[in-house]
Amino acid sequence: MGKKDDAAKIFFQNKERVADLINACCYGGEQAVSPEDISDADPGGENGIRDIIKKTALGTKYAFIGIENQEEVDHTLPVRAAGYDVGDYRKQVNELKQKNRNDPCCSGGGEYLYGYRKTDKLIPVVTIVLYYGDNWIGPRSIKDMLDMDGNSVISQFVQDYKLNLLEICNLSDEDLEKFHTDVKQVFEFIKNRRDKEKMLQLIQNDPGYKNIDENAYRMMEVHGSLKGYRIMVEDYRTEKGGVDMCKAWDDWREDGRKEGREEGRREERINTERERKNAEKERQNAEEERRKTERALKRAEKAEAEIIKLKALLAEVRAQA
């Protein structure tokens, strides 16, 4: 994803946004998790490095919440996401084994052999995939990836792994209302990025766009193809330190119109030059045809002169005979 991936990683390092995402995706918008419940976690599991992973307090319990940013359809994603989760579980198991290595409380047999006690428990791991593309046409679970035709019996025993997939461009207005931070404005902007009139209505009617955080603006810029990010951030800085999207949007639209007019003039110049080159090529082709005709006529005239000489010579020979 490049710049888009970098922007998303920075955007979701913010604990308020992570809590908002968890509440919207897992609790239907209920404010069950607060920013104070979020803490950093090591993104490197046993099966690779995640985009983002946080440790979340859920009352007296904890859970690891991973966030994966996806721009293109990856048909291997269920296996990849499952690998991340399994890797995090394996990492927890290995840490417990290390901790239990010299623990006298470990009984004999399996607990001693494997270093994992009956009372040991793992922290749940959840991966939320944020898909920024148009429509997800890939598999949504590992079973979707399997060739199970004619194996209905075996399929009952195959363990599945389903994606927690959030398709940003297919969020309903009701879904968007579950968010209470600038995640709402960012997702709303990405969803409507191709509908300029809809975006204009949203920006004008939602006061949240009056002072957008710079990292939120960065998400809008890379996913919405806004131009001149560095210049616009400084030009439309608010007193609170954010970005006024209303003013930025108006100028961006005007820049787009100017760019469209310039593109039209540029296209006209290109077409004129193309026509000139085509006319010149036709002129050169006609000139070459004229030269070919002249050469052919000269060859014919020369051949005709030779024939006349031969006829005269033949007549002279016959006369002498």
# chains A, B, ... in the order shown; residues from 1 in each chain; ligands from 1
>>> select_by_dssp(residues="segment 117-254 of chain A", states="alpha helix (DSSP H)", output="PyMOL selection string")
chain A and resi 152-155+173-176+183-191+196-205+214-224+229-235+245-254
>>> residues_around(residues="Gly28 of chain A", least_positions_apart="2", cutoff="12 Å", atoms="only C-alpha atoms", output="PDB file with C-alpha atoms, in the first residue's frame")
ATOM      1  CA  ASP A  20     -13.643   3.936  18.781  1.00  0.00           C
ATOM      2  CA  LEU A  21     -12.966   1.227  16.190  1.00  0.00           C
ATOM      3  CA  ILE A  22     -13.339  -1.554  18.766  1.00  0.00           C
ATOM      4  CA  ASN A  23     -16.563  -0.088  20.125  1.00  0.00           C
ATOM      5  CA  ALA A  24     -18.065   0.308  16.645  1.00  0.00           C
ATOM      6  CA  CYS A  25     -16.979  -3.075  15.285  1.00  0.00           C
ATOM      7  CA  CYS A  26     -17.332  -5.273  18.373  1.00  0.00           C
ATOM      8  CA  GLU A  30     -21.626   1.093  22.720  1.00  0.00           C
ATOM      9  CA  GLN A  31     -18.833   2.884  24.585  1.00  0.00           C
ATOM     10  CA  ALA A  32     -17.519  -0.281  26.230  1.00  0.00           C
ATOM     11  CA  VAL A  33     -13.804   0.459  25.755  1.00  0.00           C
ATOM     12  CA  GLU A 174     -26.133   3.727  10.430  1.00  0.00           C
ATOM     13  CA  ASP A 175     -22.746   1.999  10.612  1.00  0.00           C
ATOM     14  CA  LEU A 176     -20.925   5.338  10.387  1.00  0.00           C
ATOM     15  CA  GLU A 177     -22.972   6.763  13.258  1.00  0.00           C
ATOM     16  CA  LYS A 178     -21.414   4.123  15.524  1.00  0.00           C
ATOM     17  CA  PHE A 179     -18.113   6.024  15.376  1.00  0.00           C
ATOM     18  CA  HIS A 180     -17.583   8.981  17.717  1.00  0.00           C
TER      19      HIS A 180
END
>>> residues_around(residues="Pro207 of chain A", least_positions_apart="2", cutoff="12 Å", atoms="only C-alpha atoms", output="list in words")
Asp182, Gln185, Gln201, Leu202, Ile203, Gln204, Asn205, Tyr209, Lys210, Asn211, Ile212, Asp244, Met245 and Cys246 of chain A
>>> write_last_selection(atoms="C-alpha atoms", output="CSV table (one decimal), in the first residue's frame")
chain,number,residue,atom,x,y,z
A,182,ASP,CA,-12.7,11.5,13.4
A,185,GLN,CA,-15.2,11.6,9.0
A,201,GLN,CA,-22.9,18.2,1.4
A,202,LEU,CA,-21.1,16.2,4.1
A,203,ILE,CA,-18.3,18.8,4.6
A,204,GLN,CA,-20.8,21.7,4.7
A,205,ASN,CA,-23.2,20.0,7.2
A,209,TYR,CA,-14.8,18.8,9.1
A,210,LYS,CA,-14.1,22.3,10.4
A,211,ASN,CA,-11.1,21.2,12.4
A,212,ILE,CA,-9.7,17.8,11.1
A,244,ASP,CA,-10.4,23.3,7.9
A,245,MET,CA,-11.6,20.8,5.3
A,246,CYS,CA,-14.4,23.1,4.2
>>> atom_distance(atom1="atom CA of Tyr116 of chain A", atom2="atom CA of Pro43 of chain A")
23.6 Å
>>> atom_distance(atom1="atom CA of Asp85 of chain A", atom2="atom CA of Asp144 of chain A")
18.5 Å
>>> closest_residue(among="A:Arg80, A:Lys162, A:Lys277, A:Lys121", to="Gln92 of chain A", atoms="only C-alpha atoms")
A:Lys121
>>> residues_around(residues="Phe189 of chain A", least_positions_apart="6", cutoff="8 Å", atoms="only C-alpha atoms", output="list in words")
Met199, Met220 and Gly224 of chain A
>>> closest_residue(among="A:Glu36, A:Asp147, A:Glu267, A:Asp88", to="Arg17 of chain A", atoms="only C-alpha atoms")
A:Glu36
>>> residues_around(residues="Arg218 of chain A", least_positions_apart="3", cutoff="9 Å", atoms="only C-alpha atoms", output="list in words")
Lys4, Ala7, Ala8, Phe11, Asp213, Glu214, Asn215, Glu221, Val222, His223 and Tyr229 of chain A
>>> write_last_selection(atoms="C-alpha atoms", output="short mmCIF file (atom, residue, chain, number, x, y, z; two decimals), in the first residue's frame")
data_model
loop_
_atom_site.label_atom_id
_atom_site.label_comp_id
_atom_site.auth_asym_id
_atom_site.auth_seq_id
_atom_site.Cartn_x
_atom_site.Cartn_y
_atom_site.Cartn_z
CA LYS A 4 -1.68 4.64 2.23
CA ALA A 7 -0.92 6.90 6.77
CA ALA A 8 -3.26 4.24 8.21
CA PHE A 11 -3.73 7.25 12.13
CA ASP A 213 -6.61 16.42 12.70
CA GLU A 214 -3.60 16.42 10.39
CA ASN A 215 -3.26 12.61 10.47
CA GLU A 221 -5.49 12.87 1.10
CA VAL A 222 -4.00 9.47 0.20
CA HIS A 223 -7.32 7.66 -0.18
CA TYR A 229 -1.19 17.87 0.86
#
>>> closest_residue(among="A:Gly241, A:Gly83, A:Pro78, A:Gly133", to="Lys191 of chain A", atoms="only C-alpha atoms")
A:Gly133
>>> select_by_dssp(residues="segment 110-221 of chain A", states="strand (DSSP E or B)", output="compact mmCIF listing (two decimals) with N, CA and C atoms, in the first residue's frame")
# COMPACT_ATOMS: atom_id res chain seq x y z
N VAL A 125 -7.23 -13.15 20.99
CA VAL A 125 -6.66 -12.33 19.91
C VAL A 125 -7.75 -12.12 18.85
N VAL A 126 -7.97 -10.87 18.48
CA VAL A 126 -8.95 -10.52 17.46
C VAL A 126 -8.27 -9.67 16.40
N THR A 127 -8.49 -9.99 15.14
CA THR A 127 -7.95 -9.20 14.04
C THR A 127 -9.10 -8.55 13.27
N ILE A 128 -9.03 -7.23 13.14
CA ILE A 128 -10.01 -6.47 12.36
C ILE A 128 -9.32 -6.02 11.08
N VAL A 129 -9.89 -6.40 9.93
CA VAL A 129 -9.32 -6.02 8.63
C VAL A 129 -10.11 -4.83 8.09
N LEU A 130 -9.40 -3.73 7.82
CA LEU A 130 -10.01 -2.55 7.25
C LEU A 130 -9.70 -2.53 5.75
N TYR A 131 -10.75 -2.71 4.94
CA TYR A 131 -10.57 -2.77 3.49
C TYR A 131 -11.02 -1.46 2.87
N SER A 141 -13.32 -16.48 4.42
CA SER A 141 -12.94 -17.49 5.41
C SER A 141 -12.01 -18.50 4.74
N LYS A 162 -12.83 -17.19 10.02
CA LYS A 162 -13.56 -16.16 9.29
C LYS A 162 -12.93 -14.80 9.55
N ASN A 164 -12.80 -10.84 10.12
CA ASN A 164 -13.57 -9.72 10.64
C ASN A 164 -13.29 -8.55 9.69
N LEU A 165 -14.03 -8.54 8.58
CA LEU A 165 -13.74 -7.63 7.47
C LEU A 165 -14.67 -6.42 7.51
N LEU A 166 -14.08 -5.24 7.57
CA LEU A 166 -14.85 -4.01 7.52
C LEU A 166 -14.60 -3.33 6.18
N GLU A 167 -15.61 -3.36 5.31
CA GLU A 167 -15.51 -2.74 3.99
C GLU A 167 -15.91 -1.27 4.11
N ILE A 212 -10.19 19.21 11.24
CA ILE A 212 -9.75 17.84 11.09
C ILE A 212 -8.28 17.72 11.51
>>> residues_around(residues="Tyr84 of chain A", least_positions_apart="2", cutoff="7 Å", atoms="only C-alpha atoms", output="list in words")
Gly45, Asn47, Gly48, Arg80, Ala81, Ala82, Val86, Gly87 and Asp88 of chain A
>>> closest_residue(among="A:Ile52, A:Ile123, A:Ile10, A:Ile307", to="Phe64 of chain A", atoms="only C-alpha atoms")
A:Ile123
>>> atom_distance(atom1="atom CA of Tyr62 of chain A", atom2="atom CA of Ser39 of chain A")
10.5 Å
>>> decode(residues="segment 148-187 of chain A", atoms="N, CA and C atoms", output="compact mmCIF listing (two decimals), in the first residue's frame")
# COMPACT_ATOMS: atom_id res chain seq x y z
N MET A 148 -13.63 -28.26 -1.77
CA MET A 148 -14.37 -29.25 -0.99
C MET A 148 -15.49 -29.90 -1.78
N ASP A 149 -15.53 -29.70 -3.10
CA ASP A 149 -16.58 -30.32 -3.90
C ASP A 149 -16.54 -31.84 -3.73
N GLY A 150 -17.69 -32.40 -3.36
CA GLY A 150 -17.78 -33.85 -3.20
C GLY A 150 -17.22 -34.34 -1.88
N ASN A 151 -16.85 -33.43 -0.99
CA ASN A 151 -16.29 -33.84 0.30
C ASN A 151 -17.12 -33.28 1.46
N SER A 152 -18.43 -33.40 1.35
CA SER A 152 -19.31 -32.84 2.36
C SER A 152 -19.07 -33.44 3.74
N VAL A 153 -18.67 -34.70 3.80
CA VAL A 153 -18.42 -35.34 5.09
C VAL A 153 -17.17 -34.74 5.73
N ILE A 154 -16.08 -34.68 4.96
CA ILE A 154 -14.82 -34.14 5.48
C ILE A 154 -14.98 -32.68 5.87
N SER A 155 -15.79 -31.92 5.10
CA SER A 155 -15.95 -30.49 5.37
C SER A 155 -16.48 -30.23 6.78
N GLN A 156 -17.20 -31.19 7.35
CA GLN A 156 -17.72 -31.02 8.70
C GLN A 156 -16.61 -31.01 9.74
N PHE A 157 -15.47 -31.58 9.38
CA PHE A 157 -14.37 -31.69 10.34
C PHE A 157 -13.28 -30.65 10.10
N VAL A 158 -13.41 -29.91 9.00
CA VAL A 158 -12.41 -28.88 8.70
C VAL A 158 -12.68 -27.65 9.55
N GLN A 159 -11.67 -27.21 10.30
CA GLN A 159 -11.81 -26.02 11.12
C GLN A 159 -11.75 -24.77 10.23
N ASP A 160 -12.59 -23.80 10.53
CA ASP A 160 -12.67 -22.60 9.70
C ASP A 160 -12.09 -21.40 10.44
N TYR A 161 -11.77 -20.39 9.68
CA TYR A 161 -11.35 -19.10 10.24
C TYR A 161 -12.00 -18.02 9.39
N LYS A 162 -12.83 -17.19 10.02
CA LYS A 162 -13.56 -16.16 9.29
C LYS A 162 -12.93 -14.80 9.55
N LEU A 163 -12.88 -13.99 8.47
CA LEU A 163 -12.33 -12.65 8.59
C LEU A 163 -13.32 -11.72 9.28
N ASN A 164 -12.80 -10.84 10.12
CA ASN A 164 -13.57 -9.72 10.64
C ASN A 164 -13.29 -8.55 9.69
N LEU A 165 -14.03 -8.54 8.58
CA LEU A 165 -13.74 -7.63 7.47
C LEU A 165 -14.67 -6.42 7.51
N LEU A 166 -14.08 -5.24 7.57
CA LEU A 166 -14.85 -4.01 7.52
C LEU A 166 -14.60 -3.33 6.18
N GLU A 167 -15.61 -3.36 5.31
CA GLU A 167 -15.51 -2.74 3.99
C GLU A 167 -15.91 -1.27 4.11
N ILE A 168 -14.93 -0.40 4.09
CA ILE A 168 -15.19 1.02 4.34
C ILE A 168 -16.18 1.59 3.33
N CYS A 169 -16.03 1.24 2.07
CA CYS A 169 -16.88 1.83 1.02
C CYS A 169 -18.30 1.30 1.03
N ASN A 170 -18.56 0.26 1.82
CA ASN A 170 -19.91 -0.29 1.90
C ASN A 170 -20.56 -0.05 3.25
N LEU A 171 -19.97 0.82 4.07
CA LEU A 171 -20.57 1.14 5.36
C LEU A 171 -21.86 1.93 5.14
N SER A 172 -22.89 1.59 5.88
CA SER A 172 -24.14 2.34 5.81
C SER A 172 -24.04 3.58 6.69
N ASP A 173 -24.99 4.50 6.52
CA ASP A 173 -25.01 5.69 7.38
C ASP A 173 -25.18 5.28 8.84
N GLU A 174 -25.94 4.23 9.07
CA GLU A 174 -26.13 3.73 10.43
C GLU A 174 -24.82 3.20 11.00
N ASP A 175 -24.05 2.50 10.16
CA ASP A 175 -22.75 2.00 10.61
C ASP A 175 -21.82 3.16 10.98
N LEU A 176 -21.81 4.20 10.16
CA LEU A 176 -20.93 5.34 10.39
C LEU A 176 -21.28 6.08 11.67
N GLU A 177 -22.55 6.08 12.04
CA GLU A 177 -22.97 6.76 13.26
C GLU A 177 -22.48 6.06 14.51
N LYS A 178 -21.96 4.86 14.37
CA LYS A 178 -21.41 4.12 15.52
C LYS A 178 -20.05 4.65 15.94
N PHE A 179 -19.43 5.46 15.07
CA PHE A 179 -18.11 6.02 15.38
C PHE A 179 -18.29 7.41 16.00
N HIS A 180 -17.44 7.72 16.99
CA HIS A 180 -17.58 8.98 17.72
C HIS A 180 -16.30 9.81 17.70
N THR A 181 -15.33 9.43 16.90
CA THR A 181 -14.12 10.23 16.72
C THR A 181 -14.02 10.60 15.24
N ASP A 182 -12.88 11.17 14.85
CA ASP A 182 -12.72 11.54 13.43
C ASP A 182 -12.57 10.32 12.53
N VAL A 183 -12.61 9.11 13.10
CA VAL A 183 -12.69 7.90 12.28
C VAL A 183 -13.94 7.97 11.40
N LYS A 184 -15.01 8.53 11.96
CA LYS A 184 -16.26 8.68 11.21
C LYS A 184 -16.04 9.52 9.96
N GLN A 185 -15.43 10.70 10.12
CA GLN A 185 -15.22 11.59 8.98
C GLN A 185 -14.29 10.95 7.95
N VAL A 186 -13.25 10.27 8.42
CA VAL A 186 -12.30 9.64 7.50
C VAL A 186 -12.99 8.54 6.70
N PHE A 187 -13.71 7.65 7.37
CA PHE A 187 -14.39 6.56 6.67
C PHE A 187 -15.48 7.11 5.75
